[in-house]
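Asks: For reference, the structure I am asking about is given below.
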Amino acid sequence: MSTLGLAGRSRPRRRLVASPGAWVTWGAVAFFLVGLLGVIGSVLVNSFGTRWFGGWFPEGFTTNWYADAWQQFGLADLILVTVEVSVAVVALSLVIGVPAAYVLARRDFPGKRLVYLAFLLPILMPPITYGIPLATVLYKFGFAGNLSGVILANLVPSVPFVILTMTPFIEQIDPAIERAARMCGAGMRAVFLRILTPLLVPGILAAAILVLVRTVGMFELTFLTAGPDSQTLIVALFYSMSAAGIRAQQSVDAMAVLYMAMMLVLLVIAMRFVNPTQLVARVKEEPEP
Amino acid sequence: MAAPVVSPPEAGQDGPQRRTDPGLRHRLAERGIDSHLLLLVPAIVFIIGLFVYPFLYGLGLSFQPQQGGSPFADYQRFFSDPYQRDTIWKTLGLAIPAALLNVLASVPIAYRMRGRFRGKRLLMIVLVVPITLGTVLTAEGLLNFLGPAGWFNRTLISLGLADEPVQLINNYWGVFFSLIITGFPFAFLLISSYLSGIDPSLERAAATLGAGWWDRFRHITFPLLMPGLATTFCLTFVLAFSVFPSAILVGNPAGETRVISIAAYQAAYEQYDYPMASTIAMIMGAVELLVIALVLLWRSRFYTGATGGKG
């Protein structure tokens with residue numbers, strides 16, 4: 001141990017792996033992963049099982065529950081609705097949020113604090129808090145109960161989330177670059193489209209991914225505003241779970257697995273284009289010593 | 001901080017002239033008002049229409065009790081009924097420990113995963129997977145996994161660590177675990193992005209001056225990370241505070257995990273008492289904003305600005 005300690009002092013960066021702190025950290029990660037595996041695995045195994053009353057595994061395996069779930073829950077429609085809602089929310093929240101984030105990060109103007117607070121509040125409030133009054137208002141104007149109501153409700157936390165995610169990215173861009181572009185005669189549009197947007201691509205991707213994941217997984221607001229034809233997958237899953245006993249448990253699990261598979265595909269695609277550790281800035285990777 | 005706009009005396013002269021008057025435009029621009037602010041217009045229209053107006057509408061509704069009486073009758077009803085009042089403590093008792101654990105566990109893990117090593121990308125993707133689960137799916141998995149006949153209890157019994165199944169679902173712990181599973185990856189992703197925004201050469205500079213890893217973390221990385229930590233805590237706290245589906249599905253929604261959102265939901269969609277539902281929603285918002293305000297107040301004492309990352 002003492003040699004390790006000495007070596008650690010002379011070359012701390014290389015010896016991190018051996019320190020007790022590392023063992024604790026990796027132990028925590030391993031514990032979390034085992035728990036995660038258990039949670040996912042038990043849903044997965046149950047969705048393929050015939051009967052499971054005790055013992056480590058079900059008595060037999062079948063894929064019938066998937067066909068069952070597909071028909072009974074109308075999964076094709078649910079998936080279509082989910083995709084429509086999330087694409088619309090991501091696109092709209094980026095279009096509204098990115099320019100606003102730029103102004104808020106760079107400019108100082110009268111009333112800025114008030115505006116900033118107004119954008120922070122929806123993200124700092126529980127969805128149920130504003131979801132109940134929002135649903136009441138949307139019903140009053142006839143938006144709730146259909147797709148447009150679900151999209152509008154989901155935009156409320158998404159736009160501020162884009163602004164919050166984008167602000168550090170914008171703060172890291174040197175304002176001198178924009179000033180130089182202005183000196184060369186670029187207007188606001190050109191600065192935004194040709195200077196800022198390319199530099200902000202990592203930030204925009206990060207914001208889009210986070211908003212996408214939040215929207216597909218957003219239960220409360222969709223739950224409060226959706227009608228029978230505008231339920232997303234997660235809301236339908238909740239209804240079928242809370243009505244336990246009507247549907248076979250395995251068939252609910254099959255639906256859960258399909259939801260999970262859809263999200264995993266999304267995530268893997270996203271991860272091919274953006275490295276989660278480099279979300280805030282394109283940091284220099286540490287050179288090998 | 002921002003001074004109100006005082007229109008200069010010549011502003012009211014003649015209309016067509018005013019547009020081209022360089023003096024006024026210049027003066028407004030000095031106060032920070034110019035055409036750039038138009039970029040903010042769509043966002044402001046959106047936030048007023050979809051957030052401020054509905055919120056004020058709900059606030060107004062909460063002062064118009066269905067049964068009549070004084071404007072504060074619904075608030076009195078909430079606070080005088082222990083069954084309703086205690087939901088506040090139940091919610092805080094779940095949300096604060098869960099959010100703290102998520103943030104504090106994410107810091108060392110994210111800190112350790114900054115460097116390069118084999119399989120990092122895979123590990124990151126696996127850690128991020130639980131975000132895709134969502135609370136509802138997590139609840140389903142926890143019911144199977146931690147239930148009396150689930151794998152977890154089976155393992156405990158066969159290892160001799162327990163004689164009979166440990167009750168981990170349909171109570172506090174079921175909800176707590178669901179908050180960890182969905183909240184931790186979220187906190188982790190945010191914190192590692194904040195960490196990667198800190199220029200590593202700052203730390204290397206400290207290392208050349210003889211600082212050990214603890215000193216580097218304590219005096220360089222941690223202060224720069226602090227604003228990010230506060231933001232992350234707020235976001236995970238919001239997620240945990242608004243716990244709703246898992247409190248119903250893996251918790252004990254009539255007893256120890258009857259959180260405040262369940263009370264609001266029941267008032268609105270089971271008793272159709274919208275003023276009472278709005279009242280509970282407003283109380284919920286006020287309690288939560290109080291916690292957030294304390295954290296942000298504390299955050300404002302730290303340095304914010306460029307962290308040296310290369311944009």
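By order in the structure tokens, chains are A, B, ...; within a chain, residues start at 1; ligands start at 1, following the order shown.
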Write out as a list in words the residues lying within 10 Å of stretch 251-259 of chain B, counting only C-alpha atoms and excluding same-chain residues fewer than 6 positions away.

Replies: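 My list of contacting residues is Tyr83, Gln84, Asp86, Thr87, Ile88, Trp89, Lys90, Thr91, Leu92, Gly93, Leu94, Ala139, Leu143, Leu168, Ile169, Asn170, Asn171, Tyr172, Trp173, Gly174, Val175, Phe176, Ser178, Phe241, Ser242, Val243, Phe244 and Pro245 of chain B.
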
Asks: Can you tell me which residues surround B:Ala43 at a distance of at most 7 Å, considering only C-alpha atoms, apart from same-chain residues fewer than 2 positions away, and format the answer as a ChimeraX atom specification?

Replies: /A:96-97,100 /B:40-41,45-47

Asks: Take the residues from that selection and write them out as an mmCIF file, in the first residue's frame, keeping C-alpha atoms.

Replies:
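Full text of out_26.cif as output:
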```cif
data_model
loop_
_atom_site.group_PDB
_atom_site.id
_atom_site.type_symbol
_atom_site.label_atom_id
_atom_site.label_comp_id
_atom_site.auth_asym_id
_atom_site.auth_seq_id
_atom_site.Cartn_x
_atom_site.Cartn_y
_atom_site.Cartn_z
ATOM 1 C CA ILE A 96 -38.733 29.690 -29.341
ATOM 2 C CA GLY A 97 -36.021 28.955 -26.801
ATOM 3 C CA ALA A 100 -34.484 33.895 -26.153
ATOM 4 C CA LEU B 40 -37.314 37.486 -27.120
ATOM 5 C CA VAL B 41 -40.865 38.234 -28.299
ATOM 6 C CA VAL B 45 -45.840 35.629 -25.764
ATOM 7 C CA PHE B 46 -45.582 31.914 -25.105
ATOM 8 C CA ILE B 47 -44.798 32.227 -21.427
#
```

Asks: Which distance in Å separates atom CA of B:Met124 and atom CA of A:Gly217, to one decimal?

Replies: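 So the two atoms, atom CA of B:Met124 and atom CA of A:Gly217, lie 19.5 Å apart.
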
Asks: Can you check which residues of stretch 112-204 of chain A DSSP gives as alpha helix (DSSP H) on the backbone and send them as number ranges by chain?

Replies: A: 112-124, 127-140, 147-171, 175-183, 188-190, 197-204

Asks: I'd like the contact shell of stretch 82-84 of chain A - 12 Å cut-off, only C-alpha atoms, skipping same-chain residues fewer than 4 positions apart - returned as a PyMOL selection string.

Replies: chain A and resi 75-78+88-91+147-148+150-151+154+212-219+222+226+229-236+259+262-263+266

Asks: Can you list, as a ChimeraX atom specification, every protein, DNA or RNA residue that comes within 9 Å of stretch 255-257 of chain A when you count only C-alpha atoms, leaving out same-chain residues fewer than 3 positions away?

Replies: /A:40,43-44,47,65-66,69-70,73,75,233-234,237,250-252,260-262 /B:133,136-137,140

Asks: Nearest residue to A:Asp253 out of A:Phe119, A:Phe48, A:Phe31, A:Tyr239, using only C-alpha atoms?

Replies: A:Phe48

Asks: Counting only C-alpha atoms, which residues in stretch 77-159 of chain B sit no more than 10 Å from stretch 227-231 of chain B? For each one, give the nearest pair of atoms and the distance in Å, sorted by chain then residue number, as a tab-separated table.

Replies:
```
residue	atom	partner	partner_atom	distance
B:Val103	CA	B:Leu229	CA	7.3
B:Leu104	CA	B:Leu229	CA	9.0
B:Ser106	CA	B:Leu229	CA	9.8
B:Val107	CA	B:Leu229	CA	8.5
```

Asks: Could you save the residues just selected, with C-alpha atoms, as a PDB file, in the first residue's frame?

Replies:
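part.pdb written:
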```
ATOM      1  CA  VAL B 103     -26.600  15.101  -6.493  1.00  0.00           C
ATOM      2  CA  LEU B 104     -24.026  14.030  -3.913  1.00  0.00           C
ATOM      3  CA  SER B 106     -23.241  12.082  -8.963  1.00  0.00           C
ATOM      4  CA  VAL B 107     -20.364  14.419  -8.087  1.00  0.00           C
TER       5      VAL B 107
END
```

Asks: Which of these, A:Pro168, A:Gly187, A:Gly41, A:Gly227, has the shortest distance to A:Gly203 once you count only C-alpha atoms?

Replies: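 Among the listed residues, the smallest separation from A:Gly203 belongs to A:Pro168.
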
Asks: Give me, please, the distance in Å between atom CA of B:Ile181 and atom CA of B:Pro130, quoted to one decimal.

Replies: 6.4 Å

Asks: Nearest to A:Leu94: which of B:Ile248, B:Met113, B:Pro97, B:Pro42 is it, counting only C-alpha atoms?

Replies: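 Residue with the minimum atom-to-atom distance to A:Leu94: B:Pro42.
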